[in-house]
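Have a look at the structure below before the remarks.
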Amino acid sequence: MISRKISALVFLLIFAFQAALAQELPHSSENALDWLKKMADAPRKHNYSGTFIYYADGHMETSRIIHKVDQTGEHERIEVLDGMPRIVFRNNDEMKCYLPDSKRIYTEKRWFRKFFPDLLPQPFEGINDNYYIKETKRERVTGHECQVLVLTPRDSLRYSHQFWIDIETGLLLKVAVMDGNEIIEQFAFAQLEIDGEIPPNLLKPDQSVITEEWKVNELVTSVLKEGELKWQVKKLPSGFKKLVEMKRNLTEKSSLVDHIALSDGLATVSIFIEPVIKDAPIPVPGFFTSRGAINIYVLTLGDTKITTVGEVPLETIKLIGDSVSKKD
């Protein structure tokens with residue numbers, strides 16, 4: 001009992017020390033915030049095509065991206081070049097994911113977009129409240145001169161980030177997510193062309209290989225009105241706001257799943273609430289790490305399973321997951 005009290009006291013002291021440090025961080029400069037706005041706007045203004053690499057936990061994955069902007073909006077193709085073949089086509093918010101090995105197509109209208117290099121929501125809010133943004137050096141990435149921004153969290157509830165932003169277009173060319181001094185996740189272009197001509201056929205699936213054997217699964221998302229969901233996050237951690245409440249039919253789920261999405265202006269967290277299926281294996285509560293910056297926390301409340309997933313530290317995931325409750 002005594003040792004547990006000592007551990008709790010040490011934790012509180014560390015937390016208080018981190019909070020004191022956070023309060024000393026100054027307001028971000030207007031120049032730094034202007035770079036961030038330029039980065040948020042860039043994917044909606046420029047054509048680009050190239051190859052980028054994702055690295056985390058010793059795992060490396062290469063993808064090819066083609067992105068076009070025209071009078072009808074944004075159109076994109078992302079093809080994963082390593083491991084199981086996957087190709088995602090996007091027309092504005094309409095997504096189609098092609099899985100050639102299983103001959104399946106998953107379609108969904110996305111409520112929120114966050115794919116490298118488009119990592120900031122529009123409009124972005126609250127980032128300066130939660131992170132100190134600072135211009136540092138300039139470096140070259142794939143032959144493009146970049147301004148490096150460092151985003152230092154103002155508390156222990158989120159990770160720090162480094163952004164490499166093309167000085168001409170504002171496009172994000174590289175990002176590193178940091179836990180202290182350790183890089184836990186990184187995206188970076190290895191080859192890139194900006195503002196080149198993109199033929200429309202490159203943004204469409206090859207219909208010659210799509211046969212009757214392919215099965216289409218439509219994933220439906222129903223956005224709910226404020227307070228319509230029977231669940232709530234009773235106490236949001238500092239800096240986080242609710243984005244949306246939804247009901248979704250996720251892949252391989254037999255019933256609709258309640259979904260609450262949160263953000264601090266950069267990091268996102270999703271809470272999935274679903275009934276425990278009768279005669280199915282009992283969910284194992286606890287912490288799980290998928291890869292890189294993503295952490296997962298599972299718990300059960302009666303006959304309900306609550307899964308909290310987000311690109312934040314375990315401390316934050318637990319605070320959010322433990323705050324989920326049914327409305328009175």
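Ligands are numbered from 1 in the order shown, chains are lettered A, B, ... in the order of the structure tokens, and residues start at 1 in each chain.
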Give me the residues of segment 143-179 of chain A that have any atom at most 12 Å from an atom of segment 124-132 of chain A; for each, the nearest atom pair and the distance in Å, rounded to one decimal. Use only C-alpha atoms, sort by chain and number, and format it as CSV.
```
residue,atom,partner,partner_atom,distance
A:Leu149,CA,A:Tyr132,CA,10.0
A:Val150,CA,A:Tyr132,CA,7.9
A:Leu151,CA,A:Tyr132,CA,5.5
A:Thr152,CA,A:Tyr132,CA,5.0
A:Pro153,CA,A:Tyr131,CA,4.3
A:Arg154,CA,A:Tyr131,CA,5.3
A:Asp155,CA,A:Asn130,CA,7.6
A:Ser156,CA,A:Asn130,CA,10.3
A:Leu157,CA,A:Asn130,CA,9.3
A:Arg158,CA,A:Asn130,CA,8.5
A:Tyr159,CA,A:Tyr131,CA,9.4
A:Ser160,CA,A:Tyr131,CA,8.0
A:His161,CA,A:Tyr131,CA,9.3
A:Gln162,CA,A:Tyr132,CA,11.6
```
Keeping only N, CA and C atoms, write the selected residues to a file as a PDB file, in the first residue's frame.
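again.pdb written:
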```
ATOM      1  N   LEU A 149       9.735  23.362 -38.971  1.00  0.00           N
ATOM      2  CA  LEU A 149       8.994  23.832 -37.804  1.00  0.00           C
ATOM      3  C   LEU A 149       9.055  22.760 -36.722  1.00  0.00           C
ATOM      4  N   VAL A 150       9.223  23.187 -35.477  1.00  0.00           N
ATOM      5  CA  VAL A 150       9.173  22.280 -34.335  1.00  0.00           C
ATOM      6  C   VAL A 150       7.949  22.642 -33.505  1.00  0.00           C
ATOM      7  N   LEU A 151       7.105  21.644 -33.232  1.00  0.00           N
ATOM      8  CA  LEU A 151       5.918  21.832 -32.411  1.00  0.00           C
ATOM      9  C   LEU A 151       6.156  21.130 -31.073  1.00  0.00           C
ATOM     10  N   THR A 152       6.343  21.907 -30.027  1.00  0.00           N
ATOM     11  CA  THR A 152       6.603  21.374 -28.692  1.00  0.00           C
ATOM     12  C   THR A 152       5.314  21.404 -27.880  1.00  0.00           C
ATOM     13  N   PRO A 153       4.862  20.274 -27.343  1.00  0.00           N
ATOM     14  CA  PRO A 153       3.605  20.277 -26.575  1.00  0.00           C
ATOM     15  C   PRO A 153       3.732  21.111 -25.301  1.00  0.00           C
ATOM     16  N   ARG A 154       2.642  21.748 -24.928  1.00  0.00           N
ATOM     17  CA  ARG A 154       2.628  22.580 -23.732  1.00  0.00           C
ATOM     18  C   ARG A 154       2.319  21.778 -22.465  1.00  0.00           C
ATOM     19  N   ASP A 155       2.130  20.456 -22.616  1.00  0.00           N
ATOM     20  CA  ASP A 155       1.933  19.575 -21.467  1.00  0.00           C
ATOM     21  C   ASP A 155       2.362  18.174 -21.871  1.00  0.00           C
ATOM     22  N   SER A 156       2.110  17.206 -21.019  1.00  0.00           N
ATOM     23  CA  SER A 156       2.558  15.832 -21.283  1.00  0.00           C
ATOM     24  C   SER A 156       1.504  14.999 -22.000  1.00  0.00           C
ATOM     25  N   LEU A 157       0.422  15.630 -22.464  1.00  0.00           N
ATOM     26  CA  LEU A 157      -0.706  14.886 -23.020  1.00  0.00           C
ATOM     27  C   LEU A 157      -0.570  14.603 -24.512  1.00  0.00           C
ATOM     28  N   ARG A 158       0.495  15.085 -25.138  1.00  0.00           N
ATOM     29  CA  ARG A 158       0.623  14.924 -26.591  1.00  0.00           C
ATOM     30  C   ARG A 158       2.095  14.816 -26.984  1.00  0.00           C
ATOM     31  N   TYR A 159       2.324  14.372 -28.214  1.00  0.00           N
ATOM     32  CA  TYR A 159       3.678  14.214 -28.731  1.00  0.00           C
ATOM     33  C   TYR A 159       4.153  15.516 -29.385  1.00  0.00           C
ATOM     34  N   SER A 160       5.458  15.664 -29.480  1.00  0.00           N
ATOM     35  CA  SER A 160       6.020  16.775 -30.257  1.00  0.00           C
ATOM     36  C   SER A 160       6.157  16.344 -31.719  1.00  0.00           C
ATOM     37  N   HIS A 161       6.245  17.332 -32.607  1.00  0.00           N
ATOM     38  CA  HIS A 161       6.327  17.079 -34.043  1.00  0.00           C
ATOM     39  C   HIS A 161       7.386  17.977 -34.672  1.00  0.00           C
ATOM     40  N   GLN A 162       7.947  17.499 -35.780  1.00  0.00           N
ATOM     41  CA  GLN A 162       8.767  18.337 -36.637  1.00  0.00           C
ATOM     42  C   GLN A 162       8.208  18.265 -38.052  1.00  0.00           C
TER      43      GLN A 162
END
```
Problem set entry | Distance query Pro100 of chain A at most 10 Å, only C-alpha atoms, self and fewer than 6 positions along chain excluded, as an NGL selection string | :A and (84-87 or 209-210 or 214)
Would you mind exporting N, CA and C atoms of the selected residues as a PDB file, in the first residue's frame?
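Final output, result.pdb:
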```pdb
ATOM      1  N   MET A  84       0.868  -6.437 -48.645  1.00  0.00           N
ATOM      2  CA  MET A  84      -0.411  -6.685 -49.295  1.00  0.00           C
ATOM      3  C   MET A  84      -0.797  -5.499 -50.179  1.00  0.00           C
ATOM      4  N   PRO A  85      -1.144  -5.739 -51.454  1.00  0.00           N
ATOM      5  CA  PRO A  85      -1.510  -4.624 -52.342  1.00  0.00           C
ATOM      6  C   PRO A  85      -2.760  -3.896 -51.841  1.00  0.00           C
ATOM      7  N   ARG A  86      -2.685  -2.578 -51.836  1.00  0.00           N
ATOM      8  CA  ARG A  86      -3.823  -1.735 -51.459  1.00  0.00           C
ATOM      9  C   ARG A  86      -3.761  -0.467 -52.301  1.00  0.00           C
ATOM     10  N   ILE A  87      -4.898  -0.087 -52.853  1.00  0.00           N
ATOM     11  CA  ILE A  87      -4.974   1.139 -53.641  1.00  0.00           C
ATOM     12  C   ILE A  87      -6.204   1.920 -53.180  1.00  0.00           C
ATOM     13  N   VAL A 209      -9.327  -5.119 -64.887  1.00  0.00           N
ATOM     14  CA  VAL A 209      -9.060  -6.177 -63.907  1.00  0.00           C
ATOM     15  C   VAL A 209     -10.209  -6.335 -62.919  1.00  0.00           C
ATOM     16  N   ILE A 210     -11.203  -5.430 -62.965  1.00  0.00           N
ATOM     17  CA  ILE A 210     -12.346  -5.515 -62.052  1.00  0.00           C
ATOM     18  C   ILE A 210     -13.397  -6.411 -62.691  1.00  0.00           C
ATOM     19  N   TRP A 214     -15.294  -9.574 -57.943  1.00  0.00           N
ATOM     20  CA  TRP A 214     -15.012  -8.566 -56.918  1.00  0.00           C
ATOM     21  C   TRP A 214     -16.282  -8.255 -56.127  1.00  0.00           C
TER      22      TRP A 214
END
```
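Of the residues in segment 81-305 of chain A, those that DSSP places in alpha helix (DSSP H) on the basis of the backbone are Ile127, Asn128, Asp129 and Asn130 of chain A.
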Keeping only C-alpha atoms, write those residues as a compact mmCIF listing (two decimals), in the first residue's frame.
```txt
# COMPACT_ATOMS: atom_id res chain seq x y z
CA ILE A 127 -2.85 24.30 -32.20
CA ASN A 128 -1.12 27.30 -30.63
CA ASP A 129 -3.00 26.65 -27.36
CA ASN A 130 -1.57 23.14 -27.17
```
Exercise. Which residues come within 7 Å of Ser270 of chain A, counting only C-alpha atoms, excluding same-chain residues fewer than 3 positions away, as an MDAnalysis selection string?
Worked result: chainID A and resid 259:262 308:310
Produce a file of the selected residues containing N, CA and C atoms, as a compact mmCIF listing (two decimals), in the first residue's frame.
```
# COMPACT_ATOMS: atom_id res chain seq x y z
N HIS A 259 -19.29 6.02 -32.52
CA HIS A 259 -17.95 6.58 -32.71
C HIS A 259 -17.96 8.04 -32.29
N ILE A 260 -17.07 8.39 -31.36
CA ILE A 260 -16.86 9.78 -30.96
C ILE A 260 -15.44 10.15 -31.36
N ALA A 261 -15.27 11.26 -32.09
CA ALA A 261 -13.95 11.69 -32.54
C ALA A 261 -13.56 12.99 -31.85
N LEU A 262 -12.31 13.06 -31.39
CA LEU A 262 -11.77 14.21 -30.69
C LEU A 262 -10.50 14.70 -31.39
N THR A 308 -10.46 2.98 -27.28
CA THR A 308 -9.97 4.33 -27.54
C THR A 308 -8.66 4.23 -28.31
N VAL A 309 -8.61 4.89 -29.47
CA VAL A 309 -7.46 4.80 -30.38
C VAL A 309 -7.02 6.21 -30.73
N GLY A 310 -5.72 6.48 -30.64
CA GLY A 310 -5.27 7.81 -31.01
C GLY A 310 -3.78 7.96 -31.06
```
For this session: List every residue of segment 20-176 of chain A that DSSP, applied to the backbone of this structure, assigns to strand (DSSP E or B), and report them as a PyMOL selection string.
Result: chain A and resi 48-56+59-70+73-80+86-91+94-99+104-109+115+118+131-141+144-153+160-166+172-176
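Residue neighbourhood of Ala176 of chain A, excluding near-sequence residues (fewer than 2 positions): Ser160, His161, Gln162, Phe163, Trp164, Lys174, Met178, Ile183, Ile184, Glu185, Gln186, Phe187 and Ala188 of chain A, at 9 Å, using only C-alpha atoms.
The space separating atom CA of Ser63 of chain A from atom CA of Phe189 of chain A comes to 9.4 Å.
For Val141 of chain A, the set of protein, DNA and RNA residues having any atom at most 12 Å away, when counting only C-alpha atoms and skipping those fewer than 6 positions along the same chain, is Phe52, Gln147, Val148, Phe163, Trp164, Ile165, Asp166, Ile167, Leu171, Leu172, Leu173, Lys174, Val175, Phe187, Ala188, Phe189, Ala190, Gln191, Leu192 and Glu193 of chain A.
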Problem set entry | Shell around segment 91-97 of chain A at 9 Å using only C-alpha atoms, local window under 5 positions removed, as JSON, numbers by chain | {"A": [72, 73, 74, 75, 76, 86, 104, 105, 106, 107, 108, 109, 110, 111, 112, 113]}
Preceding selection exported with N, CA and C atoms as a PDB file, in the first residue's frame:
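Result file result37.pdb:
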```pdb
ATOM      1  N   THR A  72     -13.533  20.760 -59.841  1.00  0.00           N
ATOM      2  CA  THR A  72     -14.481  19.905 -59.115  1.00  0.00           C
ATOM      3  C   THR A  72     -13.964  19.498 -57.743  1.00  0.00           C
ATOM      4  N   GLY A  73     -12.739  19.901 -57.398  1.00  0.00           N
ATOM      5  CA  GLY A  73     -12.218  19.576 -56.076  1.00  0.00           C
ATOM      6  C   GLY A  73     -10.911  18.814 -56.128  1.00  0.00           C
ATOM      7  N   GLU A  74     -10.730  17.906 -55.169  1.00  0.00           N
ATOM      8  CA  GLU A  74      -9.493  17.127 -55.038  1.00  0.00           C
ATOM      9  C   GLU A  74      -9.717  15.675 -55.455  1.00  0.00           C
ATOM     10  N   HIS A  75      -8.704  15.129 -56.129  1.00  0.00           N
ATOM     11  CA  HIS A  75      -8.755  13.738 -56.579  1.00  0.00           C
ATOM     12  C   HIS A  75      -7.393  13.117 -56.279  1.00  0.00           C
ATOM     13  N   GLU A  76      -7.406  11.893 -55.770  1.00  0.00           N
ATOM     14  CA  GLU A  76      -6.157  11.330 -55.261  1.00  0.00           C
ATOM     15  C   GLU A  76      -6.131   9.814 -55.433  1.00  0.00           C
ATOM     16  N   ARG A  86      -2.685  -2.578 -51.836  1.00  0.00           N
ATOM     17  CA  ARG A  86      -3.823  -1.735 -51.459  1.00  0.00           C
ATOM     18  C   ARG A  86      -3.761  -0.467 -52.301  1.00  0.00           C
ATOM     19  N   ARG A 104     -11.808  -7.347 -53.107  1.00  0.00           N
ATOM     20  CA  ARG A 104     -12.817  -6.565 -52.393  1.00  0.00           C
ATOM     21  C   ARG A 104     -12.604  -5.074 -52.623  1.00  0.00           C
ATOM     22  N   ILE A 105     -13.709  -4.351 -52.629  1.00  0.00           N
ATOM     23  CA  ILE A 105     -13.679  -2.896 -52.728  1.00  0.00           C
ATOM     24  C   ILE A 105     -14.488  -2.349 -51.558  1.00  0.00           C
ATOM     25  N   TYR A 106     -13.858  -1.488 -50.759  1.00  0.00           N
ATOM     26  CA  TYR A 106     -14.553  -0.853 -49.648  1.00  0.00           C
ATOM     27  C   TYR A 106     -14.778   0.615 -49.997  1.00  0.00           C
ATOM     28  N   THR A 107     -16.020   1.060 -49.891  1.00  0.00           N
ATOM     29  CA  THR A 107     -16.344   2.456 -50.181  1.00  0.00           C
ATOM     30  C   THR A 107     -16.815   3.140 -48.901  1.00  0.00           C
ATOM     31  N   GLU A 108     -16.484   4.416 -48.778  1.00  0.00           N
ATOM     32  CA  GLU A 108     -16.886   5.155 -47.580  1.00  0.00           C
ATOM     33  C   GLU A 108     -16.795   6.640 -47.878  1.00  0.00           C
ATOM     34  N   LYS A 109     -17.730   7.398 -47.298  1.00  0.00           N
ATOM     35  CA  LYS A 109     -17.631   8.847 -47.335  1.00  0.00           C
ATOM     36  C   LYS A 109     -16.969   9.264 -46.033  1.00  0.00           C
ATOM     37  N   ARG A 110     -15.759   9.808 -46.144  1.00  0.00           N
ATOM     38  CA  ARG A 110     -14.978  10.107 -44.954  1.00  0.00           C
ATOM     39  C   ARG A 110     -15.462  11.379 -44.296  1.00  0.00           C
ATOM     40  N   TRP A 111     -15.648  11.333 -42.986  1.00  0.00           N
ATOM     41  CA  TRP A 111     -16.048  12.495 -42.201  1.00  0.00           C
ATOM     42  C   TRP A 111     -14.860  13.399 -41.917  1.00  0.00           C
ATOM     43  N   PHE A 112     -13.644  12.845 -42.062  1.00  0.00           N
ATOM     44  CA  PHE A 112     -12.440  13.600 -41.691  1.00  0.00           C
ATOM     45  C   PHE A 112     -11.286  13.046 -42.496  1.00  0.00           C
ATOM     46  N   ARG A 113     -10.447  13.933 -43.042  1.00  0.00           N
ATOM     47  CA  ARG A 113      -9.320  13.477 -43.852  1.00  0.00           C
ATOM     48  C   ARG A 113      -8.029  13.749 -43.119  1.00  0.00           C
TER      49      ARG A 113
END
```
Seminar exercise, completed: Across A:Ile273, A:Val80, A:Val223, A:Leu203, the smallest distance to Leu301 of chain A, with only C-alpha atoms counted, is shown by A:Ile273
Problem set entry | Test item: residues at most 8 Å from Leu266 of chain A, only C-alpha atoms, excluding those fewer than 5 positions along its chain, as a list in words | Leu119, Leu120, Pro121 and Ile127 of chain A
